[in-house]
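> Here it is, the structure in full.
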Amino acid sequence: MCCFKQAGHQPSNHKASQYLASRPTMDVEAALQELLLEVPNEVFTKWLSKRISLIWLEDDDDRLGMTRFEEGPGELTRRRRLALDPGEITIGLHPALMDEPLLLRHTLAHELLHASGMIEHTDELHQWVDKIAPGPSISESPLLQSKREEFLAGARIQNWSCSHCGFEWERSTMRKPKRCFRCARPL
């Protein structure tokens, strides 16, 4: 298993290294080892401890985490069907997660579940993530708040409006409200 501290994963001229140099470090490897024990038994689970490499994503990456199977989608499908070793798996984490240990654990658990064979974003995957490493609420996480603001700034719909009473209000949530704030009728 590769470590963030090894050469090649965090060169000194890499933006993520410069970002992390002045911050207290969380032992990500220890968090990985703890979370590996909680991953449910899926098609690739038994190989996870030997096949995962952790890397830092670039500072300007818009993802908090990513999982990459190095064998490619065709070969991955074959290996899933035959329950074979998945080959090398890379999990990348955004360096800003170092400031929020709960969100880092939540994101790492999410990516580990993908690595175990839960490829799709299903309710089952999200239930397992919440069971293994519950994430912080948006109000507790400056990083999630900034991601929400980025999303809302670029969203096509900037205002919600009620077709019943005509009330209109500025969008401040990711999801569409179920009811009008004024007349309480379904939207």
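As shown in the structure tokens, the chain order sets the letters A, B, ...; within each chain, residues go from 1, and ligands are also counted from 1 in the order they appear.
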What lies within 12 Å of region 81-88 of chain A using only C-alpha atoms, ignoring chain neighbours under 5 positions off, as a list in words?
Met1, Cys2, Glu42, Val43, Phe44, Thr45, Lys46, Trp47, Leu48, Ser49, Lys50, Arg51, Ile52, Ser53, Leu54, Thr67, Arg68, Phe69, Glu70, Glu71, Gly72, Pro73, Gly74, Glu75, Leu76, His114, Ala115, Ser116 and Gly117 of chain A
> Since we have the selection now, will you write its residues out, keeping C-alpha atoms, as a PDB file, in the first residue's frame?

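Saved to part.pdb:
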```pdb
ATOM      1  CA  MET A   1       0.000   0.000   0.000  1.00  0.00           C
ATOM      2  CA  CYS A   2       1.359   3.417  -0.908  1.00  0.00           C
ATOM      3  CA  GLU A  42     -18.165  -7.048  -1.813  1.00  0.00           C
ATOM      4  CA  VAL A  43     -16.505  -8.556  -4.871  1.00  0.00           C
ATOM      5  CA  PHE A  44     -13.125  -6.788  -4.413  1.00  0.00           C
ATOM      6  CA  THR A  45     -13.069  -6.347  -0.614  1.00  0.00           C
ATOM      7  CA  LYS A  46     -10.535  -9.108   0.095  1.00  0.00           C
ATOM      8  CA  TRP A  47      -7.911  -7.383  -2.117  1.00  0.00           C
ATOM      9  CA  LEU A  48      -8.328  -3.819  -0.846  1.00  0.00           C
ATOM     10  CA  SER A  49      -5.518  -3.800   1.716  1.00  0.00           C
ATOM     11  CA  LYS A  50      -2.992  -4.897  -0.934  1.00  0.00           C
ATOM     12  CA  ARG A  51      -4.243  -2.928  -3.934  1.00  0.00           C
ATOM     13  CA  ILE A  52      -5.018   0.620  -2.776  1.00  0.00           C
ATOM     14  CA  SER A  53      -2.714   3.568  -3.389  1.00  0.00           C
ATOM     15  CA  LEU A  54      -3.600   6.921  -1.868  1.00  0.00           C
ATOM     16  CA  THR A  67     -11.447   6.081  -7.198  1.00  0.00           C
ATOM     17  CA  ARG A  68      -9.625   4.811 -10.278  1.00  0.00           C
ATOM     18  CA  PHE A  69      -9.227   1.184 -11.275  1.00  0.00           C
ATOM     19  CA  GLU A  70      -6.022   1.060 -13.306  1.00  0.00           C
ATOM     20  CA  GLU A  71      -7.163  -1.904 -15.449  1.00  0.00           C
ATOM     21  CA  GLY A  72      -9.862   0.051 -17.316  1.00  0.00           C
ATOM     22  CA  PRO A  73     -13.640  -0.429 -17.583  1.00  0.00           C
ATOM     23  CA  GLY A  74     -13.707  -3.496 -19.864  1.00  0.00           C
ATOM     24  CA  GLU A  75     -11.254  -5.477 -17.799  1.00  0.00           C
ATOM     25  CA  LEU A  76     -12.915  -4.284 -14.582  1.00  0.00           C
ATOM     26  CA  HIS A 114     -16.375   2.157  -4.680  1.00  0.00           C
ATOM     27  CA  ALA A 115     -13.063   0.284  -4.572  1.00  0.00           C
ATOM     28  CA  SER A 116     -14.767  -2.723  -2.965  1.00  0.00           C
ATOM     29  CA  GLY A 117     -17.021  -3.104  -5.980  1.00  0.00           C
TER      30      GLY A 117
END
```
> Near Leu103 (chain A), counting only C-alpha atoms, which residues have an atom at most 8 Å away, once you skip same-chain residues fewer than 4 positions from it, shown as a list in words?
Leu97, Thr107, Gly135, Pro136 and Ser141 of chain A
> May I have the residues from that selection written out with N, CA, C and O atoms, as a JSON list (two decimals), in the first residue's frame?

```
[["chain", "number", "residue", "atom", "x", "y", "z"],
["A", 97, "LEU", "N", -9.34, 18.44, 2.51],
["A", 97, "LEU", "CA", -9.95, 17.54, 3.49],
["A", 97, "LEU", "C", -9.12, 17.42, 4.76],
["A", 97, "LEU", "O", -9.64, 17.03, 5.80],
["A", 107, "THR", "N", -15.34, 10.86, 3.15],
["A", 107, "THR", "CA", -14.96, 10.76, 1.73],
["A", 107, "THR", "C", -14.14, 9.51, 1.48],
["A", 107, "THR", "O", -14.36, 8.80, 0.49],
["A", 135, "GLY", "N", -20.79, 11.70, 7.81],
["A", 135, "GLY", "CA", -20.18, 12.98, 7.44],
["A", 135, "GLY", "C", -20.75, 14.12, 8.28],
["A", 135, "GLY", "O", -21.80, 13.98, 8.90],
["A", 136, "PRO", "N", -20.06, 15.25, 8.26],
["A", 136, "PRO", "CA", -20.57, 16.42, 8.99],
["A", 136, "PRO", "C", -21.73, 17.03, 8.22],
["A", 136, "PRO", "O", -21.87, 16.83, 7.01],
["A", 141, "SER", "N", -19.37, 22.27, 8.26],
["A", 141, "SER", "CA", -18.25, 22.08, 7.36],
["A", 141, "SER", "C", -18.04, 23.28, 6.43],
["A", 141, "SER", "O", -18.79, 23.46, 5.47]]
```
> Taking only region 56-184 of chain A into account, list the residues labelled strand (DSSP E or B) by DSSP (computed from the backbone), as a list in words.
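Answer for region 56-184 of chain A, restricted to strand (DSSP E or B): Trp56, Gly65, Met66, Thr67, Arg68, Phe69, Ile89, Thr90, Ile91, Gly92, Leu93, Asn159, Trp160, Ser161, Glu168, Trp169, Glu170 and Arg179 of chain A.
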> Using N, CA, C and O atoms, can you write the selected residues to a file as a tab-separated table (two decimals), in the first residue's frame?

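Contents of the output file selection.tsv:
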```tsv
chain	number	residue	atom	x	y	z
A	56	TRP	N	-2.96	12.59	-3.36
A	56	TRP	CA	-3.65	13.86	-3.20
A	56	TRP	C	-4.05	14.36	-4.58
A	56	TRP	O	-3.27	14.29	-5.52
A	65	GLY	N	-13.05	13.50	-3.71
A	65	GLY	CA	-12.36	12.22	-3.80
A	65	GLY	C	-12.65	11.55	-5.12
A	65	GLY	O	-13.60	11.91	-5.83
A	66	MET	N	-11.83	10.58	-5.46
A	66	MET	CA	-12.04	9.79	-6.68
A	66	MET	C	-11.41	8.42	-6.49
A	66	MET	O	-10.45	8.26	-5.74
A	67	THR	N	-11.99	7.44	-7.19
A	67	THR	CA	-11.45	6.08	-7.20
A	67	THR	C	-11.19	5.70	-8.65
A	67	THR	O	-12.06	5.89	-9.49
A	68	ARG	N	-9.98	5.20	-8.91
A	68	ARG	CA	-9.62	4.81	-10.28
A	68	ARG	C	-9.08	3.39	-10.26
A	68	ARG	O	-8.15	3.08	-9.55
A	69	PHE	N	-9.72	2.54	-11.06
A	69	PHE	CA	-9.23	1.18	-11.28
A	69	PHE	C	-8.28	1.27	-12.46
A	69	PHE	O	-8.68	1.68	-13.56
A	89	ILE	N	-5.63	-0.08	-7.53
A	89	ILE	CA	-6.72	0.87	-7.34
A	89	ILE	C	-6.12	2.13	-6.73
A	89	ILE	O	-5.41	2.06	-5.72
A	90	THR	N	-6.41	3.27	-7.32
A	90	THR	CA	-5.92	4.54	-6.80
A	90	THR	C	-7.09	5.32	-6.23
A	90	THR	O	-8.12	5.48	-6.89
A	91	ILE	N	-6.93	5.78	-5.00
A	91	ILE	CA	-7.92	6.67	-4.38
A	91	ILE	C	-7.24	8.02	-4.20
A	91	ILE	O	-6.18	8.13	-3.59
A	92	GLY	N	-7.87	9.04	-4.77
A	92	GLY	CA	-7.36	10.41	-4.63
A	92	GLY	C	-8.27	11.20	-3.71
A	92	GLY	O	-9.49	11.09	-3.78
A	93	LEU	N	-7.65	11.99	-2.84
A	93	LEU	CA	-8.39	12.83	-1.90
A	93	LEU	C	-7.98	14.28	-2.09
A	93	LEU	O	-6.81	14.57	-2.37
A	159	ASN	N	-33.60	31.06	-8.91
A	159	ASN	CA	-34.75	31.40	-8.06
A	159	ASN	C	-35.78	30.28	-8.12
A	159	ASN	O	-35.92	29.61	-9.14
A	160	TRP	N	-36.51	30.12	-7.01
A	160	TRP	CA	-37.65	29.22	-6.98
A	160	TRP	C	-38.90	30.08	-7.06
A	160	TRP	O	-38.94	31.18	-6.51
A	161	SER	N	-39.94	29.57	-7.71
A	161	SER	CA	-41.20	30.32	-7.75
A	161	SER	C	-42.37	29.34	-7.61
A	161	SER	O	-42.31	28.20	-8.06
A	168	GLU	N	-41.85	34.26	-5.15
A	168	GLU	CA	-40.54	33.89	-5.71
A	168	GLU	C	-39.46	34.19	-4.68
A	168	GLU	O	-39.52	35.22	-4.01
A	169	TRP	N	-38.49	33.28	-4.54
A	169	TRP	CA	-37.40	33.50	-3.59
A	169	TRP	C	-36.10	32.99	-4.18
A	169	TRP	O	-36.07	32.13	-5.06
A	170	GLU	N	-35.00	33.57	-3.69
A	170	GLU	CA	-33.67	33.22	-4.18
A	170	GLU	C	-33.30	31.81	-3.73
A	170	GLU	O	-33.55	31.42	-2.59
A	179	ARG	N	-42.32	22.39	-0.92
A	179	ARG	CA	-43.49	23.26	-0.76
A	179	ARG	C	-43.08	24.73	-0.83
A	179	ARG	O	-41.95	25.09	-0.57
```
> Using only C-alpha atoms, determine which residues lie at most 10 Å from Ala109 (chain A), disregarding the query and same-chain residues fewer than 4 positions distant; provide the list as an MDAnalysis selection string.
chainID A and resid 31:32 34:36 38:39 103:105 113:115 125:126 128:135
> Write to file, as a short mmCIF file (atom, residue, chain, number, x, y, z; two decimals), in the first residue's frame, the residues of the selection just made, with C-alpha atoms.

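Dumped everything to again.cif:
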```cif
data_model
loop_
_atom_site.label_atom_id
_atom_site.label_comp_id
_atom_site.auth_asym_id
_atom_site.auth_seq_id
_atom_site.Cartn_x
_atom_site.Cartn_y
_atom_site.Cartn_z
CA ALA A 31 -7.83 6.23 9.07
CA LEU A 32 -7.56 3.99 6.00
CA GLU A 34 -9.57 1.60 10.49
CA LEU A 35 -12.04 2.04 7.64
CA LEU A 36 -10.84 -1.07 5.79
CA GLU A 38 -15.62 -1.70 8.24
CA VAL A 39 -16.01 -2.21 4.47
CA LEU A 103 -15.28 14.87 6.07
CA LEU A 104 -11.97 13.20 5.18
CA ARG A 105 -13.08 9.93 6.84
CA LEU A 113 -16.85 1.35 -0.99
CA HIS A 114 -16.38 2.16 -4.68
CA ALA A 115 -13.06 0.28 -4.57
CA LEU A 125 -23.66 2.78 -0.99
CA HIS A 126 -24.80 5.94 0.79
CA TRP A 128 -22.97 2.09 4.13
CA VAL A 129 -20.97 5.34 4.01
CA ASP A 130 -23.20 6.89 6.67
CA LYS A 131 -22.88 3.76 8.82
CA ILE A 132 -19.09 3.49 8.50
CA ALA A 133 -18.14 7.18 8.69
CA PRO A 134 -20.98 9.67 9.06
CA GLY A 135 -20.18 12.98 7.44
#
```
> To one decimal place, how far is CA of Val28 (chain A) from CA of Arg63 (chain A) in Å?
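One can read the CA of Val28 (chain A) to CA of Arg63 (chain A) distance as 17.8 Å.
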> Compare A:Arg79, A:Arg175, A:Glu58, A:Leu108 by their minimum atom-to-atom distance to Gln33 (chain A), counting only C-alpha atoms, and give me the closest one.
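Nearest candidate to Gln33 (chain A) out of A:Arg79, A:Arg175, A:Glu58, A:Leu108: A:Leu108.
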> Using only C-alpha atoms, determine which residues lie at most 12 Å from Arg171 (chain A), disregarding the query and same-chain residues fewer than 6 positions distant; provide the list as a PyMOL selection string.
chain A and resi 148-149+151-161+177
> Could you write out the selected residues, including all heavy atoms, as a CSV table (one decimal), in the first residue's frame?

```csv
chain,number,residue,atom,x,y,z
A,148,ARG,N,-21.1,24.1,-1.8
A,148,ARG,CA,-22.5,24.5,-2.1
A,148,ARG,C,-22.6,25.8,-2.8
A,148,ARG,O,-23.3,26.0,-3.8
A,148,ARG,CB,-23.3,24.5,-0.8
A,148,ARG,CG,-24.8,24.9,-1.0
A,148,ARG,CD,-25.6,25.0,0.2
A,148,ARG,NE,-25.0,26.0,1.1
A,148,ARG,CZ,-25.3,26.1,2.4
A,148,ARG,NH1,-26.2,25.3,2.9
A,148,ARG,NH2,-24.7,27.0,3.1
A,149,GLU,N,-21.8,26.8,-2.3
A,149,GLU,CA,-21.8,28.1,-2.9
A,149,GLU,C,-21.3,28.1,-4.4
A,149,GLU,O,-21.9,28.7,-5.2
A,149,GLU,CB,-21.0,29.1,-2.1
A,149,GLU,CG,-21.6,29.4,-0.7
A,149,GLU,CD,-23.0,29.8,-0.7
A,149,GLU,OE1,-23.4,30.7,-1.6
A,149,GLU,OE2,-23.8,29.3,0.1
A,151,PHE,N,-21.6,25.5,-6.4
A,151,PHE,CA,-22.7,24.9,-7.1
A,151,PHE,C,-23.8,25.9,-7.4
A,151,PHE,O,-24.3,26.0,-8.5
A,151,PHE,CB,-23.3,23.7,-6.4
A,151,PHE,CG,-24.5,23.1,-7.0
A,151,PHE,CD1,-24.4,22.2,-8.1
A,151,PHE,CD2,-25.7,23.4,-6.6
A,151,PHE,CE1,-25.5,21.7,-8.8
A,151,PHE,CE2,-26.9,22.9,-7.2
A,151,PHE,CZ,-26.7,22.0,-8.3
A,152,LEU,N,-24.3,26.6,-6.4
A,152,LEU,CA,-25.4,27.5,-6.5
A,152,LEU,C,-25.0,28.7,-7.5
A,152,LEU,O,-25.9,29.1,-8.2
A,152,LEU,CB,-25.8,28.0,-5.2
A,152,LEU,CG,-26.5,27.0,-4.2
A,152,LEU,CD1,-26.8,27.6,-2.9
A,152,LEU,CD2,-27.7,26.4,-4.9
A,153,ALA,N,-23.8,29.1,-7.4
A,153,ALA,CA,-23.4,30.2,-8.3
A,153,ALA,C,-23.4,29.8,-9.8
A,153,ALA,O,-23.7,30.6,-10.7
A,153,ALA,CB,-22.0,30.7,-8.0
A,154,GLY,N,-23.2,28.5,-10.1
A,154,GLY,CA,-23.2,28.1,-11.4
A,154,GLY,C,-24.5,27.4,-11.8
A,154,GLY,O,-24.6,26.9,-13.0
A,155,ALA,N,-25.5,27.3,-10.9
A,155,ALA,CA,-26.7,26.6,-11.2
A,155,ALA,C,-27.6,27.4,-12.3
A,155,ALA,O,-27.6,28.6,-12.3
A,155,ALA,CB,-27.5,26.4,-9.9
A,156,ARG,N,-28.2,26.6,-13.1
A,156,ARG,CA,-29.1,27.2,-14.1
A,156,ARG,C,-30.3,27.9,-13.5
A,156,ARG,O,-30.7,29.0,-13.9
A,156,ARG,CB,-29.6,26.1,-15.1
A,156,ARG,CG,-30.3,26.6,-16.3
A,156,ARG,CD,-30.7,25.4,-17.2
A,156,ARG,NE,-31.4,24.3,-16.6
A,156,ARG,CZ,-32.7,24.3,-16.4
A,156,ARG,NH1,-33.4,25.3,-16.8
A,156,ARG,NH2,-33.3,23.2,-15.8
A,157,ILE,N,-30.9,27.3,-12.4
A,157,ILE,CA,-32.0,27.9,-11.8
A,157,ILE,C,-31.5,28.7,-10.6
A,157,ILE,O,-30.9,28.1,-9.6
A,157,ILE,CB,-33.0,26.8,-11.3
A,157,ILE,CG1,-33.5,26.1,-12.5
A,157,ILE,CG2,-34.1,27.4,-10.5
A,157,ILE,CD1,-34.4,24.9,-12.2
A,158,GLN,N,-31.7,30.0,-10.6
A,158,GLN,CA,-31.2,30.9,-9.5
A,158,GLN,C,-32.3,31.2,-8.5
A,158,GLN,O,-32.1,31.7,-7.4
A,158,GLN,CB,-30.6,32.1,-10.0
A,158,GLN,CG,-29.3,31.9,-10.8
A,158,GLN,CD,-28.2,31.4,-9.9
A,158,GLN,OE1,-28.0,32.0,-8.8
A,158,GLN,NE2,-27.5,30.4,-10.3
A,159,ASN,N,-33.6,31.1,-8.9
A,159,ASN,CA,-34.7,31.4,-8.1
A,159,ASN,C,-35.8,30.3,-8.1
A,159,ASN,O,-35.9,29.6,-9.1
A,159,ASN,CB,-35.4,32.7,-8.5
A,159,ASN,CG,-34.5,33.9,-8.4
A,159,ASN,OD1,-34.0,34.2,-7.3
A,159,ASN,ND2,-34.3,34.6,-9.5
A,160,TRP,N,-36.5,30.1,-7.0
A,160,TRP,CA,-37.6,29.2,-7.0
A,160,TRP,C,-38.9,30.1,-7.1
A,160,TRP,O,-38.9,31.2,-6.5
A,160,TRP,CB,-37.7,28.4,-5.7
A,160,TRP,CG,-36.5,27.5,-5.4
A,160,TRP,CD1,-35.7,27.6,-4.4
A,160,TRP,CD2,-36.0,26.5,-6.2
A,160,TRP,NE1,-34.7,26.6,-4.5
A,160,TRP,CE2,-34.9,25.9,-5.6
A,160,TRP,CE3,-36.4,25.9,-7.4
A,160,TRP,CZ2,-34.2,24.9,-6.1
A,160,TRP,CZ3,-35.7,24.8,-7.9
A,160,TRP,CH2,-34.6,24.3,-7.3
A,161,SER,N,-39.9,29.6,-7.7
A,161,SER,CA,-41.2,30.3,-7.7
A,161,SER,C,-42.4,29.3,-7.6
A,161,SER,O,-42.3,28.2,-8.1
A,161,SER,CB,-41.3,31.1,-9.0
A,161,SER,OG,-41.3,30.3,-10.2
A,177,PRO,N,-37.1,22.8,-3.1
A,177,PRO,CA,-38.1,22.7,-2.0
A,177,PRO,C,-39.3,21.9,-2.4
A,177,PRO,O,-39.7,22.0,-3.5
A,177,PRO,CB,-38.4,24.1,-1.6
A,177,PRO,CG,-37.6,25.0,-2.4
A,177,PRO,CD,-36.9,24.2,-3.5
```
> When you draw a straight line from CA of Leu143 (chain A) to CA of Pro101 (chain A), how long is it in Å?
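Between CA of Leu143 (chain A) and CA of Pro101 (chain A) the gap works out to 11.4 Å.
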> Where in region 34-121 of chain A does DSSP assign alpha helix (DSSP H), given as JSON, numbers by chain?
{"A": [34, 35, 36, 48, 49, 50, 51, 73, 74, 75, 76, 77, 78, 79, 80, 81, 82, 101, 102, 103, 104, 105, 106, 107, 108, 109, 110, 111, 112, 113, 114, 115, 116]}
> Which residues, written as a short mmCIF file (atom, residue, chain, number, x, y, z; two decimals) with C-alpha atoms, in the first residue's frame, have at least one atom at most 12 Å from His164 (chain A), with only C-alpha atoms counted and residues fewer than 3 positions away on the same chain left out?

```
data_model
loop_
_atom_site.label_atom_id
_atom_site.label_comp_id
_atom_site.auth_asym_id
_atom_site.auth_seq_id
_atom_site.Cartn_x
_atom_site.Cartn_y
_atom_site.Cartn_z
CA SER A 161 -41.20 30.32 -7.75
CA PHE A 167 -44.18 33.93 -4.54
CA GLU A 168 -40.54 33.89 -5.71
CA ARG A 179 -43.49 23.26 -0.76
CA CYS A 180 -43.87 27.01 -1.18
CA PHE A 181 -42.62 29.00 1.80
CA ARG A 182 -45.63 31.34 1.61
CA CYS A 183 -48.70 29.19 0.78
CA ALA A 184 -47.28 25.74 1.70
CA ARG A 185 -48.64 24.14 -1.48
CA PRO A 186 -46.49 21.53 -3.22
CA LEU A 187 -44.22 22.95 -5.92
#
```
